[in-house]
file protein_17.pdb (PDB, C-alpha atoms)
ATOM      1  CA  MET A   6     -33.854 -28.935  26.743
ATOM      2  CA  ARG A   7     -30.378 -28.054  27.959
ATOM      3  CA  VAL A   8     -29.462 -24.481  28.920
ATOM      4  CA  ILE A   9     -25.864 -23.359  29.102
ATOM      5  CA  VAL A  10     -25.131 -20.250  31.137
ATOM      6  CA  LEU A  11     -21.942 -18.363  30.366
ATOM      7  CA  ASN A  12     -20.552 -16.501  33.351
ATOM      8  CA  ASN A  13     -18.417 -14.313  31.162
ATOM      9  CA  SER A  14     -20.730 -13.999  28.169
ATOM     10  CA  ASN A  15     -19.430 -10.579  27.061
ATOM     11  CA  LEU A  16     -15.903 -11.943  26.797
ATOM     12  CA  TYR A  17     -17.140 -14.975  24.892
ATOM     13  CA  ILE A  18     -19.107 -12.854  22.423
ATOM     14  CA  GLU A  19     -16.134 -10.520  21.929
ATOM     15  CA  LYS A  20     -13.769 -13.430  21.203
ATOM     16  CA  LEU A  21     -16.301 -14.968  18.839
ATOM     17  CA  PHE A  22     -16.648 -11.616  17.049
ATOM     18  CA  LEU A  23     -12.865 -11.316  16.707
ATOM     19  CA  LEU A  24     -12.631 -14.770  15.169
ATOM     20  CA  PHE A  25     -14.824 -13.597  12.316
ATOM     21  CA  MET A  26     -13.029 -10.249  11.944
ATOM     22  CA  GLU A  27      -9.867 -11.711  10.435
ATOM     23  CA  LYS A  28     -10.354 -12.011   6.707
ATOM     24  CA  ASP A  29      -7.527 -12.518   4.223
ATOM     25  CA  ILE A  30      -8.138 -10.340   1.169
ATOM     26  CA  GLY A  31      -5.162 -11.292  -0.967
ATOM     27  CA  LYS A  32      -1.620 -12.582  -1.148
ATOM     28  CA  ILE A  33       1.177 -11.263  -3.394
ATOM     29  CA  PRO A  34       4.365 -13.323  -3.776
ATOM     30  CA  LYS A  35       7.528 -11.361  -2.926
ATOM     31  CA  ASN A  36      10.030 -14.196  -3.309
ATOM     32  CA  ALA A  37      10.204 -17.973  -2.878
ATOM     33  CA  ASP A  38       9.782 -17.784   0.911
ATOM     34  CA  THR A  39       7.796 -14.577   1.442
ATOM     35  CA  ASP A  40       4.315 -13.330   0.543
ATOM     36  CA  VAL A  41       2.733  -9.959   1.204
ATOM     37  CA  VAL A  42      -0.635 -10.631   2.849
ATOM     38  CA  ILE A  43      -3.494  -8.126   2.840
ATOM     39  CA  ARG A  44      -6.167  -8.717   5.448
ATOM     40  CA  ILE A  45      -8.944  -7.079   7.390
ATOM     41  CA  ASP A  46      -8.461  -7.631  11.094
ATOM     42  CA  ASP A  47      -8.924  -6.289  14.569
ATOM     43  CA  PHE A  48      -5.880  -5.160  16.529
ATOM     44  CA  GLY A  49      -6.316  -3.708  19.998
ATOM     45  CA  GLY A  50     -10.045  -3.360  19.485
ATOM     46  CA  ARG A  51      -9.646  -1.352  16.264
ATOM     47  CA  VAL A  52     -10.594  -2.719  12.847
ATOM     48  CA  GLY A  53      -8.313  -1.975   9.917
ATOM     49  CA  VAL A  54      -6.428  -3.277   6.908
ATOM     50  CA  THR A  55      -3.080  -4.920   7.583
ATOM     51  CA  ILE A  56      -0.458  -5.322   4.867
ATOM     52  CA  ARG A  57       2.274  -7.555   6.234
ATOM     53  CA  GLU A  58       4.932  -9.990   5.095
ATOM     54  CA  PHE A  59       4.384 -13.693   5.783
ATOM     55  CA  VAL A  60       7.507 -15.841   5.656
ATOM     56  CA  SER A  61       7.715 -19.641   5.386
ATOM     57  CA  GLY A  62      11.113 -20.927   6.419
ATOM     58  CA  GLU A  63      12.921 -23.664   8.257
ATOM     59  CA  ARG A  64      13.437 -21.600  11.421
ATOM     60  CA  TYR A  65      10.254 -19.506  11.397
ATOM     61  CA  THR A  66       6.884 -19.487   9.650
ATOM     62  CA  GLY A  67       4.546 -16.596  10.259
ATOM     63  CA  PHE A  68       4.060 -12.865   9.989
ATOM     64  CA  THR A  69       7.065 -10.579  10.275
ATOM     65  CA  LYS A  70       7.275  -7.041  11.638
ATOM     66  CA  ALA A  71       7.629  -5.707   8.088
ATOM     67  CA  GLY A  72       4.392  -4.112   6.992
ATOM     68  CA  THR A  73       1.825  -1.530   7.906
ATOM     69  CA  ARG A  74      -1.694  -1.119   9.213
ATOM     70  CA  ILE A  75      -4.357   1.231   7.888
ATOM     71  CA  PRO A  76      -7.097   2.000  10.447
ATOM     72  CA  ALA A  77     -10.611   1.633   9.022
ATOM     73  CA  GLU A  78     -11.292   5.338   9.439
ATOM     74  CA  HIS A  79      -8.331   6.170   7.120
ATOM     75  CA  PHE A  80      -8.946   3.453   4.540
ATOM     76  CA  LYS A  81     -10.836   5.733   2.140
ATOM     77  CA  LYS A  82      -7.843   8.119   1.934
ATOM     78  CA  PHE A  83      -5.468   5.187   1.487
ATOM     79  CA  LYS A  84      -7.596   3.749  -1.323
ATOM     80  CA  GLU A  85      -7.784   7.143  -3.054
ATOM     81  CA  ALA A  86      -3.991   7.465  -2.845
ATOM     82  CA  ILE A  87      -3.429   3.997  -4.312
ATOM     83  CA  ASN A  88      -5.990   4.590  -7.076
ATOM     84  CA  SER A  89      -4.290   7.888  -7.964
ATOM     85  CA  ILE A  90      -1.166   6.034  -9.099
ATOM     86  CA  ASP A  91      -0.936   6.147 -12.880
ATOM     87  CA  GLU A  92      -0.029   2.627 -14.020
ATOM     88  CA  LYS A  93       1.702   4.015 -17.135
ATOM     89  CA  GLU A  94       3.966   6.199 -14.962
ATOM     90  CA  LEU A  95       4.794   3.183 -12.806
ATOM     91  CA  GLU A  96       5.581   1.039 -15.860
ATOM     92  CA  ASP A  97       7.764   3.827 -17.299
ATOM     93  CA  ALA A  98       9.674   4.085 -13.995
ATOM     94  CA  VAL A  99      10.265   0.313 -13.986
ATOM     95  CA  LYS A 100      11.558   0.445 -17.576
ATOM     96  CA  LYS A 101      13.828   3.386 -16.742
ATOM     97  CA  GLN A 102      15.200   1.601 -13.693
ATOM     98  CA  ALA A 103      15.827  -1.538 -15.744
ATOM     99  CA  SER A 104      17.738   0.409 -18.385
ATOM    100  CA  LEU A 105      19.800   2.194 -15.715
ATOM    101  CA  GLY A 106      20.351  -1.064 -13.863
ATOM    102  CA  ASP A 107      22.064  -2.647 -16.840
ATOM    103  CA  SER A 108      24.595   0.183 -17.032
ATOM    104  CA  GLN A 109      25.107   0.315 -13.260
ATOM    105  CA  LEU A 110      25.444  -3.454 -12.791
ATOM    106  CA  GLY A 111      29.219  -3.342 -13.371
ATOM    107  CA  GLU A 112      29.569  -0.513 -10.826
ATOM    108  CA  LYS A 113      27.834  -2.520  -8.085
ATOM    109  CA  LYS A 114      29.964  -5.592  -8.674
ATOM    110  CA  SER A 115      33.125  -3.506  -8.622
ATOM    111  CA  SER A 116      32.049  -1.974  -5.287
ATOM    112  CA  GLY A 117      31.999  -5.377  -3.611
ATOM    113  CA  GLN A 118      28.572  -6.786  -4.417
ATOM    114  CA  ARG A 119      28.694 -10.407  -5.527
ATOM    115  CA  ASP A 120      26.424 -12.246  -7.930
ATOM    116  CA  GLY A 121      23.247 -13.226  -6.111
ATOM    117  CA  ASP A 122      23.467 -10.405  -3.553
ATOM    118  CA  SER A 123      20.176  -8.593  -3.343
ATOM    119  CA  ASP A 124      19.924  -4.855  -3.813
ATOM    120  CA  ILE A 125      16.396  -4.776  -2.390
ATOM    121  CA  GLU A 126      16.015  -2.481   0.589
ATOM    122  CA  GLU A 127      13.602  -3.586   3.304
ATOM    123  CA  GLN A 128      12.016  -1.432   5.942
ATOM    124  CA  THR A 129      10.819  -2.762   9.265
ATOM    125  CA  MET A 130       7.959  -0.928  10.909
TER     126      MET A 130
END

call {"tool": "encode", "arguments": {"input": "protein_17.pdb", "output": "structure tokens"}}
result
Amino acid sequence: MRVIVLNNSNLYIEKLFLLFMEKDIGKIPKNADTDVVIRIDDFGGRVGVTIREFVSGERYTGFTKAGTRIPAEHFKKFKEAINSIDEKELEDAVKKQASLGDSQLGEKKSSGQRDGDSDIEEQTM
């Protein structure tokens, strides 16, 4: 029988625990090169839900700074807030935006926006 003694067993156990704490929950495509990844992870010794962009490109592949983190102790409030969104209201807002977008498309092009320019605003956290 062989016995292995770990001098720094607490550190080893902690690292092993952290390896199992990262769990991808889902992935939502944003565009051809970017997905929004939802995962449970540990950051700075605190477990939470991370919602972050993951980009796959020629120069860089990995997570970006764009996203947010919900600490585990606030997840219930976050979930309640998300579940309170009325899907019908969201669909109606999308339809309204689409109908306004058609009439405003000419205005954007006349103000200097070219075909193919994105009007999506991104926030970095």

call {"tool": "atom_distance", "arguments": {"input": "protein_17.pdb", "atom1": "CA of Asp40 (chain A)", "atom2": "CA of Phe68 (chain A)"}}
result
9.5 Å

call {"tool": "resolve_selection", "arguments": {"input": "protein_17.pdb", "expression": "the PyMOL selection byres ((chain A and resi 42) around 9)", "output": "short mmCIF file (atom, residue, chain, number, x, y, z; two decimals) with C-alpha atoms, keeping the file's coordinate frame"}}
result
data_model
loop_
_atom_site.label_atom_id
_atom_site.label_comp_id
_atom_site.auth_asym_id
_atom_site.auth_seq_id
_atom_site.Cartn_x
_atom_site.Cartn_y
_atom_site.Cartn_z
CA ASP A 29 -7.53 -12.52 4.22
CA ILE A 30 -8.14 -10.34 1.17
CA GLY A 31 -5.16 -11.29 -0.97
CA LYS A 32 -1.62 -12.58 -1.15
CA ILE A 33 1.18 -11.26 -3.39
CA PRO A 34 4.36 -13.32 -3.78
CA ASP A 40 4.32 -13.33 0.54
CA VAL A 41 2.73 -9.96 1.20
CA ILE A 43 -3.49 -8.13 2.84
CA ARG A 44 -6.17 -8.72 5.45
CA THR A 55 -3.08 -4.92 7.58
CA ILE A 56 -0.46 -5.32 4.87
CA ARG A 57 2.27 -7.56 6.23
CA GLU A 58 4.93 -9.99 5.10
CA PHE A 59 4.38 -13.69 5.78
CA PHE A 68 4.06 -12.86 9.99
#

call {"tool": "closest_residue", "arguments": {"input": "protein_17.pdb", "among": "A:Glu27, A:Thr39, A:Val54, A:Phe48", "to": "Phe83 (chain A)", "atoms": "all atoms listed in the file"}}
result
A:Val54

call {"tool": "closest_residue", "arguments": {"input": "protein_17.pdb", "among": "A:Asp38, A:Asp91, A:Glu96, A:Asp47", "to": "Arg64 (chain A)", "atoms": "all atoms listed in the file"}}
result
A:Asp38

call {"tool": "resolve_selection", "arguments": {"input": "protein_17.pdb", "expression": "the PyMOL selection byres ((chain A and resi 77) around 6)", "output": "PyMOL selection string"}}
result
chain A and resi 52-53+76+78-80

call {"tool": "atom_distance", "arguments": {"input": "protein_17.pdb", "atom1": "CA of Val99 (chain A)", "atom2": "CA of Lys35 (chain A)"}}
result
16.3 Å

call {"tool": "atom_distance", "arguments": {"input": "protein_17.pdb", "atom1": "CA of Lys81 (chain A)", "atom2": "CA of Val60 (chain A)"}}
result
28.5 Å

call {"tool": "decode", "arguments": {"input": "protein_17.pdb", "residues": "region 75-99 of chain A", "atoms": "N, CA and C atoms", "output": "PDB file, in the first residue's frame"}}
result
ATOM      1  N   ILE A  75     -23.862  37.750 -10.508  1.00  0.00           N
ATOM      2  CA  ILE A  75     -24.882  37.772  -9.475  1.00  0.00           C
ATOM      3  C   ILE A  75     -24.399  36.878  -8.334  1.00  0.00           C
ATOM      4  N   PRO A  76     -24.097  37.457  -7.155  1.00  0.00           N
ATOM      5  CA  PRO A  76     -23.687  36.622  -6.026  1.00  0.00           C
ATOM      6  C   PRO A  76     -24.807  35.657  -5.643  1.00  0.00           C
ATOM      7  N   ALA A  77     -24.445  34.486  -5.168  1.00  0.00           N
ATOM      8  CA  ALA A  77     -25.426  33.450  -4.828  1.00  0.00           C
ATOM      9  C   ALA A  77     -26.495  33.967  -3.879  1.00  0.00           C
ATOM     10  N   GLU A  78     -26.098  34.815  -2.936  1.00  0.00           N
ATOM     11  CA  GLU A  78     -27.078  35.300  -1.963  1.00  0.00           C
ATOM     12  C   GLU A  78     -28.111  36.256  -2.564  1.00  0.00           C
ATOM     13  N   HIS A  79     -27.873  36.767  -3.787  1.00  0.00           N
ATOM     14  CA  HIS A  79     -28.830  37.654  -4.457  1.00  0.00           C
ATOM     15  C   HIS A  79     -29.531  36.979  -5.638  1.00  0.00           C
ATOM     16  N   PHE A  80     -29.207  35.712  -5.875  1.00  0.00           N
ATOM     17  CA  PHE A  80     -29.758  35.032  -7.041  1.00  0.00           C
ATOM     18  C   PHE A  80     -31.283  34.936  -6.999  1.00  0.00           C
ATOM     19  N   LYS A  81     -31.857  34.694  -5.845  1.00  0.00           N
ATOM     20  CA  LYS A  81     -33.310  34.562  -5.739  1.00  0.00           C
ATOM     21  C   LYS A  81     -34.007  35.846  -6.208  1.00  0.00           C
ATOM     22  N   LYS A  82     -33.492  37.005  -5.794  1.00  0.00           N
ATOM     23  CA  LYS A  82     -34.062  38.289  -6.233  1.00  0.00           C
ATOM     24  C   LYS A  82     -33.899  38.471  -7.741  1.00  0.00           C
ATOM     25  N   PHE A  83     -32.731  38.099  -8.250  1.00  0.00           N
ATOM     26  CA  PHE A  83     -32.474  38.206  -9.684  1.00  0.00           C
ATOM     27  C   PHE A  83     -33.459  37.337 -10.466  1.00  0.00           C
ATOM     28  N   LYS A  84     -33.642  36.107 -10.019  1.00  0.00           N
ATOM     29  CA  LYS A  84     -34.550  35.178 -10.689  1.00  0.00           C
ATOM     30  C   LYS A  84     -35.992  35.703 -10.655  1.00  0.00           C
ATOM     31  N   GLU A  85     -36.406  36.246  -9.514  1.00  0.00           N
ATOM     32  CA  GLU A  85     -37.748  36.820  -9.412  1.00  0.00           C
ATOM     33  C   GLU A  85     -37.917  37.982 -10.393  1.00  0.00           C
ATOM     34  N   ALA A  86     -36.890  38.820 -10.507  1.00  0.00           N
ATOM     35  CA  ALA A  86     -36.949  39.955 -11.429  1.00  0.00           C
ATOM     36  C   ALA A  86     -37.066  39.478 -12.876  1.00  0.00           C
ATOM     37  N   ILE A  87     -36.272  38.504 -13.249  1.00  0.00           N
ATOM     38  CA  ILE A  87     -36.323  37.969 -14.616  1.00  0.00           C
ATOM     39  C   ILE A  87     -37.685  37.334 -14.878  1.00  0.00           C
ATOM     40  N   ASN A  88     -38.176  36.549 -13.933  1.00  0.00           N
ATOM     41  CA  ASN A  88     -39.471  35.876 -14.108  1.00  0.00           C
ATOM     42  C   ASN A  88     -40.641  36.849 -14.116  1.00  0.00           C
ATOM     43  N   SER A  89     -40.438  38.075 -13.611  1.00  0.00           N
ATOM     44  CA  SER A  89     -41.522  39.055 -13.611  1.00  0.00           C
ATOM     45  C   SER A  89     -41.710  39.722 -14.972  1.00  0.00           C
ATOM     46  N   ILE A  90     -40.786  39.500 -15.883  1.00  0.00           N
ATOM     47  CA  ILE A  90     -40.896  40.087 -17.220  1.00  0.00           C
ATOM     48  C   ILE A  90     -42.022  39.387 -17.972  1.00  0.00           C
ATOM     49  N   ASP A  91     -42.967  40.172 -18.450  1.00  0.00           N
ATOM     50  CA  ASP A  91     -44.080  39.643 -19.228  1.00  0.00           C
ATOM     51  C   ASP A  91     -43.605  39.463 -20.670  1.00  0.00           C
ATOM     52  N   GLU A  92     -43.579  38.228 -21.139  1.00  0.00           N
ATOM     53  CA  GLU A  92     -43.082  37.950 -22.490  1.00  0.00           C
ATOM     54  C   GLU A  92     -43.884  38.691 -23.550  1.00  0.00           C
ATOM     55  N   LYS A  93     -45.180  38.841 -23.347  1.00  0.00           N
ATOM     56  CA  LYS A  93     -46.035  39.562 -24.305  1.00  0.00           C
ATOM     57  C   LYS A  93     -45.594  41.020 -24.404  1.00  0.00           C
ATOM     58  N   GLU A  94     -45.315  41.650 -23.247  1.00  0.00           N
ATOM     59  CA  GLU A  94     -44.840  43.041 -23.259  1.00  0.00           C
ATOM     60  C   GLU A  94     -43.517  43.154 -24.004  1.00  0.00           C
ATOM     61  N   LEU A  95     -42.639  42.195 -23.803  1.00  0.00           N
ATOM     62  CA  LEU A  95     -41.343  42.198 -24.482  1.00  0.00           C
ATOM     63  C   LEU A  95     -41.532  42.045 -25.991  1.00  0.00           C
ATOM     64  N   GLU A  96     -42.388  41.115 -26.395  1.00  0.00           N
ATOM     65  CA  GLU A  96     -42.668  40.916 -27.820  1.00  0.00           C
ATOM     66  C   GLU A  96     -43.277  42.168 -28.441  1.00  0.00           C
ATOM     67  N   ASP A  97     -44.207  42.811 -27.714  1.00  0.00           N
ATOM     68  CA  ASP A  97     -44.825  44.047 -28.209  1.00  0.00           C
ATOM     69  C   ASP A  97     -43.784  45.151 -28.384  1.00  0.00           C
ATOM     70  N   ALA A  98     -42.839  45.257 -27.437  1.00  0.00           N
ATOM     71  CA  ALA A  98     -41.786  46.268 -27.529  1.00  0.00           C
ATOM     72  C   ALA A  98     -40.886  46.008 -28.736  1.00  0.00           C
ATOM     73  N   VAL A  99     -40.591  44.732 -29.000  1.00  0.00           N
ATOM     74  CA  VAL A  99     -39.761  44.386 -30.163  1.00  0.00           C
ATOM     75  C   VAL A  99     -40.481  44.763 -31.453  1.00  0.00           C
TER      76      VAL A  99
END
